[in-house]
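Okay, so here's the structure we're looking at.
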Amino acid sequence: MSIYLPIAELSVNVFVILGMGAAVGFLSGMFGVGGGFLITPLLIFYNIPPAVAVATGANQVVASSISGALAHFRRGTLDIKLGLVLLSGGLVGATVGIQIFTMLRRMGQLDLIISLLYVVFLGSVGGLMLWESVTSLLRAAKNNPVPLRKPGQHNWVHRLPFKMRFKRSKLYLSVIPVILLGFAIGILTSVMGVGGGFIMVPAMIYLLRIPTNVVIGTSLFQIIFVTAFTTIVQATINYSVDVVLAWLLMIAGVIGAQYGVRVGQKMRGDQLRAGLALLVLAVGIRLGFGLVLPPDEIYSVVSGSFGF
Amino acid sequence: MRAMPLLALLPLFVVLPASAQLVDHTVTVNDKFRERIDIGISTNEIAISSDFSGADITVFGAIDGADELLLATFAYDVVVALEGPRQSTTVRRKERVAGIWINRHSIRFEPIPASYSMSSTRPLPDIANLMELGSRDIGINNIRLVPTGGVGDGSRLTDFREALRRIKQTSGLYQRAPTGVQFISKALFRASVRLPANIPVGAHRVRAVLYKNNEFVMEKVIPLRVVKTGLEQFIYTMAHTYSLAYGIFAVLLATVTGWLGSVIFRKD
């Protein structure tokens, strides 16, 4: 059954889109990520114009992160104060990111930069996560697990000024790295159509030493607002948000996520991180091949709004 | 017998003034010949609904004042083409830079039909010579592709033009059916023109061109609008006209969907 997407201006198979949404929802529920970093490349592989894929991906992430953030809010694993500080940087970052996005699109280099960013970020984050989780799996096998957060241990981040107390996270931390992290993620949200959880979560755990239990809820909280903001700005500047496409993805994603969460709860933390790392790496490598391998068609045509 | 073709033409001229305001030249005639071509389609509007996956439209037409003998020897040829709205188009070429493929060169062309679906009685080279076809933009390979702005030394132009035609064809936007026009009786013909699933919306034109012994006789053009319908049209208009409200709506939709998901599947 095909359905016509009014903004992407093409017909797609409903079941392919629903399948994508459900699969990504399942994985995002299992690993506790928004899934934008999977949705956007999948849409591009399925010939949705990258501009539409990015903007619609951001819209889809709003729905999946609301579901997740509400669950964390009920469980009390969400630090709203920390989330708001992240958000202040995130909104500025998203505004800057949209300008970059629009400029790249005019120059005809949008697709390249999107792919490059995906390869760089997915590759490095996936690699680091895999390294970390494999060492921790090996340690667990030797029966001497090491906690991620060693009390009293500090790094350079904790010597920065403008400190603020975050009660729920039990942290006394400078706002500078938090705002900068939010800013960087904001740029990625608008240029890559991702929530940025796959970068923010490791950065919060390893760099800012925020307790793991509040990290996911808090990152989801800030992702909601940054992706919502990005969706609105993309819709006003680039007219590239396709609500029909986004809604199909959301429905399937929200349902898929519920099953993913159940599977995820049965798995151990380091196994989950290793799984997520492999997934992130796989998407990065697939996109990397796309950049390096000679394309079937070295020419491309852009006419009207989004081209092919 | 002499008066017949004239009579047949009368309604055509009566209709002309109204449609002439929309399209500059709906009829082009070579005065050397007395044969005339006329076409009709069952609708002047194609609606793209949510399950649109392409369509075939059938164009019926007749040759008035055709010579019986020439008809019998297949001396008449008809080309029917559906042309999409004109859009300025940019072609880009990737090149390998430091191991990765990057868009390096680009050429921008003056507006060309966004889509082009053609049907003819015989393959085009048998119908008329290239100069004649090119002067009327008939056939995928004869549509004029005029670059705008700098094209360097021009050596790339041919490759870029070929690439444009090739990509338009592989994407289904440019199509041809070299034997898609069939005579159903002596002077009556039927042409089947394919609309691809990714057909652009806007003002299209159905062009019917009559040739006699490789010579141009007459061209007749009728407009055909391709529109989105119902919800699709509504969403498209909203997204472009009230983009802020549309963006907010998209976010609200996501909020409600996400919230419902967490409520429905809540375990406690």
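Just so we're on the same page: first chain in the structure tokens is A, next is B, and so on; residues restart at 1 for each chain, and ligands are numbered from 1 in the order they show up.
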Rows by chain and residue number, chain A within 8 Å of chain B, shortest pair, only C-alpha atoms, as a Markdown table:
```
| residue | atom | partner | partner_atom | distance |
| --- | --- | --- | --- | --- |
| A:Met1 | CA | B:Asp51 | CA | 7.4 |
| A:Ser2 | CA | B:Asp51 | CA | 5.4 |
| A:Ile3 | CA | B:Asp51 | CA | 4.8 |
| A:Tyr4 | CA | B:Ser50 | CA | 4.5 |
| A:Leu5 | CA | B:Ser50 | CA | 7.4 |
| A:Pro6 | CA | B:Glu232 | CA | 5.2 |
| A:Ile7 | CA | B:Tyr236 | CA | 6.2 |
| A:Glu9 | CA | B:Asn198 | CA | 6.9 |
| A:Leu10 | CA | B:Asn198 | CA | 5.2 |
| A:Ser11 | CA | B:Ala197 | CA | 6.5 |
| A:Asn59 | CA | B:Val251 | CA | 6.6 |
| A:Gln60 | CA | B:Ala254 | CA | 6.7 |
| A:Val62 | CA | B:Ala254 | CA | 5.8 |
| A:Ala63 | CA | B:Gly258 | CA | 4.2 |
| A:Ser64 | CA | B:Gly258 | CA | 5.8 |
| A:Ser65 | CA | B:Gly258 | CA | 7.5 |
| A:Ile66 | CA | B:Gly258 | CA | 5.3 |
| A:Ser67 | CA | B:Gly258 | CA | 4.7 |
| A:Gly68 | CA | B:Ser262 | CA | 7.5 |
| A:Leu70 | CA | B:Ser262 | CA | 7.1 |
| A:Ala71 | CA | B:Ser262 | CA | 7.1 |
| A:Gly108 | CA | B:Asn103 | CA | 7.2 |
| A:Gln109 | CA | B:Asn103 | CA | 6.8 |
| A:Leu112 | CA | B:Ile102 | CA | 6.7 |
| A:Ala228 | CA | B:Val251 | CA | 5.7 |
| A:Thr231 | CA | B:Gly247 | CA | 6.2 |
| A:Ile232 | CA | B:Gly247 | CA | 4.2 |
| A:Val233 | CA | B:Gly247 | CA | 7.3 |
| A:Gln234 | CA | B:Gly247 | CA | 7.8 |
| A:Ala235 | CA | B:Gly247 | CA | 5.1 |
| A:Thr236 | CA | B:Ser243 | CA | 4.8 |
| A:Tyr239 | CA | B:Ala239 | CA | 6.2 |
| A:Val241 | CA | B:Gly247 | CA | 7.6 |
| A:Val243 | CA | B:Ala250 | CA | 6.0 |
| A:Trp247 | CA | B:Ala254 | CA | 7.3 |
| A:Met250 | CA | B:Thr257 | CA | 7.0 |
| A:Ile251 | CA | B:Thr257 | CA | 6.9 |
| A:Val254 | CA | B:Gly261 | CA | 5.7 |
| A:Ile255 | CA | B:Gly261 | CA | 6.9 |
| A:Gln258 | CA | B:Phe265 | CA | 6.9 |
| A:Leu291 | CA | B:Ile100 | CA | 5.3 |
| A:Val292 | CA | B:Ile100 | CA | 4.8 |
| A:Leu293 | CA | B:Ile100 | CA | 7.8 |
| A:Pro294 | CA | B:Trp101 | CA | 7.2 |
| A:Pro295 | CA | B:Trp101 | CA | 7.8 |
| A:Ile298 | CA | B:Lys94 | CA | 5.0 |
| A:Tyr299 | CA | B:Arg93 | CA | 4.4 |
| A:Ser300 | CA | B:Arg92 | CA | 5.2 |
| A:Val301 | CA | B:Val91 | CA | 4.6 |
| A:Val302 | CA | B:Thr90 | CA | 5.1 |
| A:Ser303 | CA | B:Thr89 | CA | 4.4 |
| A:Gly304 | CA | B:Gln87 | CA | 6.0 |
```
Applying 7 Å and only C-alpha atoms, which residues near region 173-181 of chain A remain after dropping the ones on its own chain fewer than 5 positions away? List them as a list of chain:residue names.
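So the residues in contact are A:Val85, A:Leu86, A:Ser88, A:Gly89, A:His158, A:Leu160, A:Pro161, A:Phe162, A:Lys163, A:Met164, A:Arg165.
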Written selection (C-alpha atoms) as a PDB file, in the first residue's frame:
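For reference, out_26.pdb as written:
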```pdb
ATOM      1  CA  VAL A  85      20.980  24.380  31.717  1.00  0.00           C
ATOM      2  CA  LEU A  86      21.681  21.923  28.875  1.00  0.00           C
ATOM      3  CA  SER A  88      19.821  26.896  27.206  1.00  0.00           C
ATOM      4  CA  GLY A  89      22.916  25.871  25.261  1.00  0.00           C
ATOM      5  CA  HIS A 158      35.485  20.035  37.671  1.00  0.00           C
ATOM      6  CA  LEU A 160      36.005  25.278  35.866  1.00  0.00           C
ATOM      7  CA  PRO A 161      34.255  28.322  37.415  1.00  0.00           C
ATOM      8  CA  PHE A 162      30.491  29.208  37.623  1.00  0.00           C
ATOM      9  CA  LYS A 163      29.626  26.156  39.644  1.00  0.00           C
ATOM     10  CA  MET A 164      26.036  25.236  40.315  1.00  0.00           C
ATOM     11  CA  ARG A 165      24.507  22.655  42.601  1.00  0.00           C
TER      12      ARG A 165
END
```
At a cut-off of 10 Å, using only C-alpha atoms, what residues contact Tyr211 (chain B)? Leave out same-chain residues fewer than 4 positions from it and give the result as a PyMOL selection string.
chain B and resi 35+37+75-79+127-128+215-219
Produce a file of the selected residues containing N, CA and C atoms, as a compact mmCIF listing (two decimals), in the first residue's frame.
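Output file again.txt follows:
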```txt
# COMPACT_ATOMS: atom_id res chain seq x y z
N GLU B 35 -4.62 19.80 -43.55
CA GLU B 35 -4.97 18.88 -42.49
C GLU B 35 -4.88 19.58 -41.14
N ILE B 37 -5.24 18.89 -36.72
CA ILE B 37 -5.30 17.88 -35.66
C ILE B 37 -6.06 18.47 -34.49
N ALA B 75 1.20 7.84 -43.91
CA ALA B 75 2.01 9.03 -44.15
C ALA B 75 1.88 10.04 -43.01
N TYR B 76 0.83 9.88 -42.19
CA TYR B 76 0.63 10.81 -41.07
C TYR B 76 1.28 10.25 -39.81
N ASP B 77 1.92 11.13 -39.08
CA ASP B 77 2.48 10.73 -37.79
C ASP B 77 2.02 11.71 -36.73
N VAL B 78 1.76 11.16 -35.56
CA VAL B 78 1.31 11.99 -34.45
C VAL B 78 2.24 11.78 -33.26
N VAL B 79 2.61 12.89 -32.63
CA VAL B 79 3.38 12.82 -31.39
C VAL B 79 2.55 13.49 -30.30
N ILE B 127 9.94 10.05 -37.91
CA ILE B 127 8.85 11.00 -38.08
C ILE B 127 9.33 12.31 -38.70
N ALA B 128 10.46 12.82 -38.21
CA ALA B 128 10.97 14.07 -38.76
C ALA B 128 12.46 14.16 -38.47
N GLU B 215 6.97 16.16 -42.59
CA GLU B 215 6.85 17.62 -42.52
C GLU B 215 5.86 18.03 -41.47
N PHE B 216 6.20 19.10 -40.77
CA PHE B 216 5.32 19.60 -39.71
C PHE B 216 4.03 20.15 -40.30
N VAL B 217 2.88 19.73 -39.70
CA VAL B 217 1.60 20.23 -40.19
C VAL B 217 0.96 21.14 -39.16
N MET B 218 0.83 20.65 -37.94
CA MET B 218 0.13 21.45 -36.95
C MET B 218 0.41 20.94 -35.54
N GLU B 219 0.37 21.89 -34.62
CA GLU B 219 0.48 21.52 -33.21
C GLU B 219 -0.70 22.08 -32.45
```
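You will find CA of Val191 (chain A) at 13.7 Å from CA of Val120 (chain A).
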Need the shell around Thr43 (chain B): protein/DNA/RNA residues with any atom at most 10 Å away, counting only C-alpha atoms. Skip same-chain ones fewer than 6 positions apart. Format as a ChimeraX atom specification?
/B:57,59,224-225
List the neighbours of Val215 (chain A) out to 8 Å using only C-alpha atoms; skip same-chain residues closer than 5 positions along the sequence, and give me the result as a count of residues only.
6
Provide the CA of Leu124 (chain B) to CA of Ile41 (chain B) distance in Å, to one decimal place.
23.1 Å
Could you please determine the separation between CA of Gly288 (chain A) and CA of Val119 (chain A) in Å, to one decimal place?
5.6 Å
Give me, as a list in words, the residues of region 93-278 of chain A that a backbone DSSP run labels strand (DSSP E or B).
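So, restricting region 93-278 of chain A to strand (DSSP E or B), we get Lys163, Met164, Arg165, Phe166, Leu171, Tyr172, Leu173 and Ser174 of chain A.
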Please provide the set of residues having any atom within 8 Å of region 178-189 of chain B, restricted to only C-alpha atoms, with same-chain residues fewer than 6 positions apart removed, written as a PyMOL selection string.
chain B and resi 60-64+66+68+71-72+78-80+118-124
How about saving the chosen residues, C-alpha atoms kept, as a PDB file, in the first residue's frame?
```pdb
ATOM      1  CA  PHE B  60      -8.120  10.917 -28.090  1.00  0.00           C
ATOM      2  CA  GLY B  61      -7.640  12.858 -31.251  1.00  0.00           C
ATOM      3  CA  ALA B  62      -8.569  13.180 -34.848  1.00  0.00           C
ATOM      4  CA  ILE B  63      -6.965  14.348 -38.060  1.00  0.00           C
ATOM      5  CA  ASP B  64      -9.390  16.518 -39.984  1.00  0.00           C
ATOM      6  CA  ALA B  66      -6.802  13.775 -43.942  1.00  0.00           C
ATOM      7  CA  GLU B  68      -7.584   8.696 -47.402  1.00  0.00           C
ATOM      8  CA  LEU B  71      -3.794   7.555 -44.216  1.00  0.00           C
ATOM      9  CA  ALA B  72      -3.719   4.103 -45.743  1.00  0.00           C
ATOM     10  CA  VAL B  78       1.307  11.990 -34.446  1.00  0.00           C
ATOM     11  CA  VAL B  79       3.382  12.824 -31.391  1.00  0.00           C
ATOM     12  CA  VAL B  80       1.574  13.376 -28.100  1.00  0.00           C
ATOM     13  CA  MET B 118       5.846  11.212 -24.848  1.00  0.00           C
ATOM     14  CA  SER B 119       3.951   8.878 -27.103  1.00  0.00           C
ATOM     15  CA  SER B 120       4.225   8.639 -30.863  1.00  0.00           C
ATOM     16  CA  THR B 121       3.079   6.613 -33.850  1.00  0.00           C
ATOM     17  CA  ARG B 122       6.640   5.631 -34.754  1.00  0.00           C
ATOM     18  CA  PRO B 123      10.117   6.182 -33.306  1.00  0.00           C
ATOM     19  CA  LEU B 124      10.925   9.889 -33.596  1.00  0.00           C
TER      20      LEU B 124
END
```
When you count only C-alpha atoms, which of these residues is closest to Arg207 (chain B): B:Gly154, B:Gly65, B:Pro223, B:Pro125?
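Of the candidates, the smallest distance to Arg207 (chain B) is held by B:Pro223.
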Please list as a list in words every residue within 12 Å of Leu137 (chain A), counting only C-alpha atoms and excluding residues in the same chain fewer than 6 positions away.
Met129, Leu130, Trp131, Asn143, Asn144, Pro145, Val146, Arg268, Gly269, Asp270, Gln271, Leu272, Arg273, Ala274 and Gly275 of chain A
